[in-house]
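The file coords-v7.txt comes next; it holds compact mmCIF, C-alpha atoms and all ligand atoms.
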```
# COMPACT_ATOMS: atom_id res chain seq x y z
CA MET K 1 40.71 29.51 38.53
CA VAL K 2 38.52 27.06 40.48
CA LEU K 3 40.27 24.04 41.91
CA ILE K 4 38.83 20.96 43.54
CA ALA K 5 40.98 19.55 46.35
CA ALA K 6 41.62 16.12 44.85
CA GLN K 7 44.11 13.28 44.69
CA PRO K 8 46.81 12.94 43.49
CA TYR K 9 46.70 16.73 43.08
CA ASP K 10 44.18 19.54 42.66
CA TYR K 11 41.71 19.22 39.77
CA GLU K 12 41.14 22.37 37.74
CA LEU K 13 37.62 23.15 36.57
CA PRO K 14 37.18 24.93 33.24
CA SER K 15 35.98 28.54 33.48
CA ASP K 16 32.83 27.55 31.58
CA LEU K 17 31.12 25.04 33.87
CA GLN K 18 28.81 23.92 31.03
CA LYS K 19 31.82 21.87 29.94
CA VAL K 20 31.51 19.76 33.10
CA ALA K 21 29.02 16.88 33.18
CA LEU K 22 27.82 14.79 36.09
CA LEU K 23 27.90 11.15 34.98
CA ILE K 24 25.77 8.81 37.10
CA ILE K 25 26.54 5.20 36.27
CA ASP K 26 24.02 2.36 36.62
CA MET K 27 22.17 3.48 39.77
CA GLN K 28 19.56 0.85 38.95
CA ARG K 29 17.30 -1.40 40.99
CA ASP K 30 19.11 -4.35 39.34
CA PHE K 31 22.26 -3.42 41.26
CA LEU K 32 20.97 -1.67 44.40
CA GLU K 33 17.87 -3.64 45.40
CA PRO K 34 17.33 -7.27 46.39
CA GLY K 35 16.02 -9.48 43.57
CA GLY K 36 18.06 -7.92 40.77
CA PHE K 37 21.18 -8.79 38.81
CA GLY K 38 23.61 -7.83 41.59
CA GLU K 39 22.00 -10.17 44.08
CA ALA K 40 21.66 -12.88 41.42
CA LEU K 41 25.45 -12.78 41.15
CA GLY K 42 25.67 -13.56 44.86
CA ASN K 43 26.29 -10.06 46.17
CA ASP K 44 25.10 -8.22 49.28
CA VAL K 45 23.46 -5.20 47.66
CA SER K 46 23.33 -3.20 50.91
CA HIS K 47 26.97 -2.18 50.30
CA LEU K 48 25.81 0.28 47.64
CA SER K 49 23.05 2.25 49.35
CA ALA K 50 25.24 4.82 51.15
CA THR K 51 25.97 6.43 47.78
CA ILE K 52 22.32 7.37 47.15
CA PRO K 53 22.03 10.57 49.27
CA ILE K 54 25.47 11.71 48.17
CA ILE K 55 24.73 11.33 44.46
CA LYS K 56 21.38 13.03 45.08
CA SER K 57 23.14 16.05 46.61
CA LEU K 58 25.48 16.32 43.62
CA LEU K 59 22.53 15.92 41.26
CA GLU K 60 20.65 18.74 43.01
CA ILE K 61 23.62 21.08 42.59
CA PHE K 62 23.96 20.25 38.88
CA ARG K 63 20.21 20.72 38.40
CA ARG K 64 20.15 24.01 40.31
CA ARG K 65 23.04 25.33 38.22
CA GLN K 66 21.56 23.84 35.00
CA LEU K 67 24.72 21.89 34.26
CA PRO K 68 24.76 18.74 32.08
CA VAL K 69 23.72 15.45 33.67
CA PHE K 70 24.04 12.01 32.10
CA HIS K 71 22.67 8.76 33.53
CA THR K 72 23.62 5.31 32.30
CA VAL K 73 21.70 2.05 32.51
CA GLU K 74 23.18 -1.39 31.92
CA GLY K 75 20.64 -3.57 30.18
CA HIS K 76 19.81 -5.68 27.15
CA GLN K 77 17.15 -5.91 24.51
CA PRO K 78 14.37 -8.43 25.36
CA ASP K 79 15.62 -10.76 22.60
CA LEU K 80 19.18 -10.53 24.02
CA SER K 81 20.49 -9.71 20.54
CA ASP K 82 22.93 -7.21 22.10
CA CYS K 83 24.22 -9.62 24.73
CA PRO K 84 27.21 -11.71 23.74
CA PRO K 85 26.91 -15.40 24.70
CA SER K 86 30.04 -14.98 26.81
CA LYS K 87 28.28 -12.37 28.97
CA LEU K 88 25.25 -14.66 29.33
CA ARG K 89 27.53 -17.39 30.65
CA ARG K 90 29.07 -15.16 33.35
CA GLY K 91 28.11 -15.65 36.98
CA ASN K 92 27.14 -18.83 38.75
CA GLY K 93 23.92 -17.78 40.50
CA GLN K 94 20.53 -19.37 39.94
CA LEU K 95 19.27 -16.42 37.86
CA LYS K 96 20.97 -15.40 34.62
CA ILE K 97 20.52 -12.36 32.38
CA GLY K 98 17.05 -12.58 30.80
CA ASP K 99 15.59 -14.95 33.41
CA PRO K 100 12.37 -13.90 35.17
CA GLY K 101 13.08 -12.53 38.65
CA PRO K 102 11.02 -10.81 41.35
CA MET K 103 11.41 -7.42 39.59
CA GLY K 104 10.95 -8.69 36.04
CA ARG K 105 13.54 -10.18 33.71
CA ILE K 106 17.09 -9.78 34.98
CA LEU K 107 19.05 -6.93 33.32
CA ILE K 108 16.52 -6.43 30.51
CA LEU K 109 15.75 -2.87 29.37
CA GLY K 110 12.26 -1.70 30.30
CA GLU K 111 11.77 -4.19 33.14
CA SER K 112 10.97 -2.62 36.51
CA GLY K 113 14.15 -4.04 38.04
CA ASN K 114 16.22 -2.44 35.33
CA ALA K 115 14.98 1.08 36.09
CA ILE K 116 17.00 3.79 37.78
CA ILE K 117 16.17 3.87 41.51
CA SER K 118 13.34 6.19 42.50
CA GLU K 119 15.61 8.63 44.39
CA LEU K 120 17.66 9.44 41.27
CA GLN K 121 15.02 9.41 38.52
CA PRO K 122 16.14 11.49 35.52
CA ILE K 123 14.19 14.63 34.65
CA PRO K 124 13.61 16.06 31.15
CA GLY K 125 16.83 17.41 29.66
CA GLU K 126 19.02 14.76 31.30
CA ILE K 127 20.33 12.15 28.90
CA VAL K 128 19.95 8.46 29.71
CA ILE K 129 22.38 6.15 27.94
CA SER K 130 21.45 2.45 27.72
CA LYS K 131 24.55 0.32 27.45
CA PRO K 132 25.06 -3.37 26.76
CA GLY K 133 28.55 -3.48 28.24
CA LYS K 134 30.33 -2.47 31.39
CA GLY K 135 31.86 0.63 29.79
CA ALA K 136 29.47 3.46 28.91
CA PHE K 137 31.26 4.23 25.63
CA TYR K 138 30.96 0.72 24.13
CA GLN K 139 28.15 0.62 21.54
CA THR K 140 26.51 3.83 22.80
CA SER K 141 26.20 7.43 21.65
CA LEU K 142 27.71 8.86 24.85
CA GLU K 143 30.86 10.15 23.16
CA SER K 144 28.96 11.96 20.42
CA TYR K 145 26.60 13.56 22.97
CA LEU K 146 29.56 14.78 25.03
CA HIS K 147 31.33 16.22 21.99
CA LYS K 148 28.13 17.82 20.67
CA GLN K 149 27.67 19.60 24.00
CA GLY K 150 31.34 20.63 24.24
CA ILE K 151 31.84 18.65 27.45
CA THR K 152 35.47 18.11 28.41
CA HIS K 153 35.29 17.31 32.13
CA LEU K 154 33.42 14.47 33.87
CA MET K 155 32.40 14.11 37.51
CA ILE K 156 31.93 10.36 37.73
CA THR K 157 29.63 8.61 40.23
CA GLY K 158 27.70 5.35 40.48
CA VAL K 159 28.16 1.62 40.77
CA THR K 160 30.04 -0.59 40.88
CA THR K 161 33.40 1.06 41.34
CA GLU K 162 35.69 -1.59 39.88
CA VAL K 163 33.32 -2.81 37.17
CA CYS K 164 31.21 -0.30 35.22
CA VAL K 165 32.61 2.82 36.86
CA GLN K 166 36.28 2.01 36.40
CA THR K 167 35.74 0.67 32.87
CA THR K 168 33.89 3.84 31.89
CA MET K 169 36.50 6.10 33.48
CA ARG K 170 39.29 4.38 31.57
CA GLU K 171 37.34 4.62 28.32
CA ALA K 172 36.72 8.34 28.97
CA ASN K 173 40.35 8.98 29.89
CA ASP K 174 41.54 7.39 26.66
CA ARG K 175 39.17 9.67 24.76
CA GLY K 176 40.69 12.78 26.32
CA PHE K 177 38.14 13.64 29.00
CA GLU K 178 39.39 15.05 32.32
CA CYS K 179 37.86 12.55 34.74
CA LEU K 180 37.27 12.89 38.46
CA LEU K 181 35.79 9.97 40.40
CA VAL K 182 33.75 11.14 43.40
CA GLU K 183 35.00 8.88 46.20
CA ASP K 184 31.91 8.63 48.38
CA ALA K 185 29.51 8.70 45.41
CA THR K 186 30.69 5.29 44.19
CA ALA K 187 30.58 1.85 45.80
CA SER K 188 31.39 -1.78 45.24
CA TYR K 189 29.95 -5.00 46.61
CA PHE K 190 33.56 -5.50 47.77
CA PRO K 191 34.70 -2.45 49.81
CA GLU K 192 38.33 -3.46 49.34
CA PHE K 193 37.91 -3.43 45.54
CA LYS K 194 36.62 0.14 45.77
CA GLU K 195 39.64 1.22 47.80
CA SER K 196 42.00 -0.52 45.36
CA THR K 197 40.30 1.20 42.42
CA LEU K 198 40.74 4.61 44.04
CA GLU K 199 44.41 3.81 44.62
CA MET K 200 44.85 2.66 41.00
CA ILE K 201 43.37 5.90 39.70
CA ARG K 202 45.53 8.11 41.91
CA ALA K 203 48.74 6.12 41.29
CA GLN K 204 51.41 7.08 38.79
CA GLY K 205 50.55 10.77 39.00
CA GLY K 206 46.86 10.24 38.27
CA ILE K 207 47.33 8.20 35.12
CA VAL K 208 43.58 7.61 34.79
CA GLY K 209 42.35 10.80 36.48
CA TRP K 210 41.55 12.19 39.90
CA THR K 211 39.52 11.26 42.97
CA ALA K 212 37.91 13.69 45.43
CA THR K 213 35.24 13.65 48.11
CA ALA K 214 31.75 14.84 47.28
CA ALA K 215 32.15 17.60 49.87
CA ASN K 216 35.18 18.96 48.02
CA VAL K 217 33.38 18.74 44.68
CA MET K 218 30.29 20.48 46.07
CA GLN K 219 32.39 23.24 47.63
CA ALA K 220 33.91 24.01 44.24
CA PHE K 221 30.48 24.19 42.57
CA GLY K 222 29.08 26.32 45.37
N1 LIG T 1 28.63 -7.03 39.00
C1 LIG T 1 29.08 -5.79 39.16
O1 LIG T 1 29.81 -5.50 40.11
N2 LIG T 1 28.74 -4.82 38.28
C2 LIG T 1 28.05 -4.96 37.11
O2 LIG T 1 27.73 -6.06 36.66
N3 LIG T 1 27.70 -3.81 36.46
C3 LIG T 1 28.03 -2.53 36.91
O3 LIG T 1 29.04 -2.32 37.56
N4 LIG T 1 27.16 -1.55 36.68
```
Could you take the file, read its structure, and then write that structure out as structure tokens?
Amino acid sequence: MVLIAAQPYDYELPSDLQKVALLIIDMQRDFLEPGGFGEALGNDVSHLSATIPIIKSLLEIFRRRQLPVFHTVEGHQPDLSDCPPSKLRRGNGQLKIGDPGPMGRILILGESGNAIISELQPIPGEIVISKPGKGAFYQTSLESYLHKQGITHLMITGVTTEVCVQTTMREANDRGFECLLVEDATASYFPEFKESTLEMIRAQGGIVGWTATAANVMQAFG
């Protein structure tokens, strides 16, 4: 039995590691680079960059071992038909979803600012899920892909911890997936929100799942 040293207690990996997917949430220029959606909302995007080399190390292990990798991208159709008016109204910055920005239209699929950052570009065989919401299960085919591939366990990484990452982890937990959030492979524009999210996950006996450091995860995958 392979265990990952985790909180609130050890996380057991299945004997068939093909059942474990690395889920990389929204590591996009729109959130990590100046001129995108994150900055348009008034955030200091530099808070997120420390996750990049850590997610890259996890990604390299999953690629080397030929284990499943999923990337998600938050974005909308150019005509905004998949963006509820309520979401368009959110935020009080000068730039809104769909407005032209320095990297193309804000949070619009296909625009250069909406792309996954260069360091974590997907390779053939890795599935990229475009999502209109914060959760990666809402109006996407993620769940059917996971079931089709027999995936039961998720190593969750990406940004931002308390928004798209936590929403997705709760959605996955409700659907029966064994979720582990990799502590140093996720970040928030508000470091205190990240810490609170980790505490929420670990509380009540791990009611939403587990958290562990990337080093502990990588040790278990060898
Ligand atoms: N604003 C913020 O913290 N996050 C988002 O809008 N989306 C994601 O978390 N990806």
Go through K:Leu22, K:Ile55, K:Leu107, K:Val163 one by one, measure the shortest atom-to-atom distance of each to ligand LIG 1 (chain T) using only C-alpha atoms and all ligand atoms, and give the residue with the smallest value.
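Nearest to ligand LIG 1 (chain T): K:Val163.
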Report, in Å to a single decimal, how far apart CA of Gln28 (chain K) and CA of His47 (chain K) are.
13.9 Å
I'd like the interatomic distance between CA of Ser81 (chain K) and CA of Ile156 (chain K), to a tenth of an Å.
28.8 Å
Throw together the list of residues within 7 Å of ligand LIG 1 (chain T), counting only C-alpha atoms and all ligand atoms, and drop it here as a VMD selection string.
chain K and resid 25 to 26 31 38 41 74 134 159 to 161 163 to 165 188 to 189
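You will find CA of Leu109 (chain K) at 23.2 Å from CA of Leu59 (chain K).
With distances taken over all atoms listed in the file, K:Gly42 is the one residue among K:Gly209, K:Gly42, K:Gly110, K:Gly222 lying closest to Asn92 (chain K).
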With 12 Å as the cut-off and only C-alpha atoms counted, what is the closest atom pair between each nearby residue of region 98-176 of chain K and region 3-11 of chain K? Distances in Å to one decimal, ordered by chain and number, as CSV.
```
residue,atom,partner,partner_atom,distance
K:His153,CA,K:Tyr11,CA,10.2
K:Leu154,CA,K:Tyr11,CA,11.2
K:Met155,CA,K:Tyr11,CA,10.9
```
Excluding same-chain residues fewer than 3 positions from Ala214 (chain K), what lies within 10 Å of it counting all atoms listed in the file, as a PyMOL selection string?
chain K and resi 54-55+57-58+155+157+181-185+211+217-220
Of the listed residues K:Ala215, K:Ala136, K:Ala40, K:Leu88, that which approaches Pro102 (chain K) most closely, counting all atoms listed in the file:
K:Ala40
Take the point (13.4, -13.8, 30.6) as written in the file and pick out every residue within 12 Å of it, counting only C-alpha atoms; give the list as a list in words.
His76, Gln77, Pro78, Asp79, Leu80, Leu88, Leu95, Lys96, Ile97, Gly98, Asp99, Pro100, Gly101, Pro102, Met103, Gly104, Arg105, Ile106, Leu107, Ile108, Leu109 and Glu111 of chain K
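Ranking K:Met200, K:Val69, K:Ile127, K:Ile24 by their shortest atom-to-atom distance to Thr51 (chain K), with all atoms listed in the file included, puts K:Ile24 first.
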With a distance cut-off of 12 Å and all atoms listed in the file, select the neighbouring residues of Tyr145 (chain K), excluding the residue or stretch itself and same-chain residues fewer than 3 positions from it, and output the selection as a PDB file with C-alpha atoms, in the coordinates of the input.
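For reference, result_29.pdb as written:
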```
ATOM      1  CA  ALA K  21      29.020  16.880  33.180  1.00  0.00           C
ATOM      2  CA  PRO K  68      24.760  18.740  32.080  1.00  0.00           C
ATOM      3  CA  VAL K  69      23.720  15.450  33.670  1.00  0.00           C
ATOM      4  CA  PHE K  70      24.040  12.010  32.100  1.00  0.00           C
ATOM      5  CA  GLU K 126      19.020  14.760  31.300  1.00  0.00           C
ATOM      6  CA  ILE K 127      20.330  12.150  28.900  1.00  0.00           C
ATOM      7  CA  VAL K 128      19.950   8.460  29.710  1.00  0.00           C
ATOM      8  CA  ILE K 129      22.380   6.150  27.940  1.00  0.00           C
ATOM      9  CA  PHE K 137      31.260   4.230  25.630  1.00  0.00           C
ATOM     10  CA  THR K 140      26.510   3.830  22.800  1.00  0.00           C
ATOM     11  CA  SER K 141      26.200   7.430  21.650  1.00  0.00           C
ATOM     12  CA  LEU K 142      27.710   8.860  24.850  1.00  0.00           C
ATOM     13  CA  LYS K 148      28.130  17.820  20.670  1.00  0.00           C
ATOM     14  CA  GLN K 149      27.670  19.600  24.000  1.00  0.00           C
ATOM     15  CA  GLY K 150      31.340  20.630  24.240  1.00  0.00           C
ATOM     16  CA  ILE K 151      31.840  18.650  27.450  1.00  0.00           C
ATOM     17  CA  THR K 152      35.470  18.110  28.410  1.00  0.00           C
TER      18      THR K 152
END
```
Using 6 Å of padding on each side, determine the axis-aligned box around all atoms of region 108-121 of chain K present in the file and give its centre and edge lengths in Å to one decimal, as JSON.
```
{"center_x": 14.3, "center_y": 1.5, "center_z": 36.9, "size_x": 18.7, "size_y": 27.9, "size_z": 27.0}
```
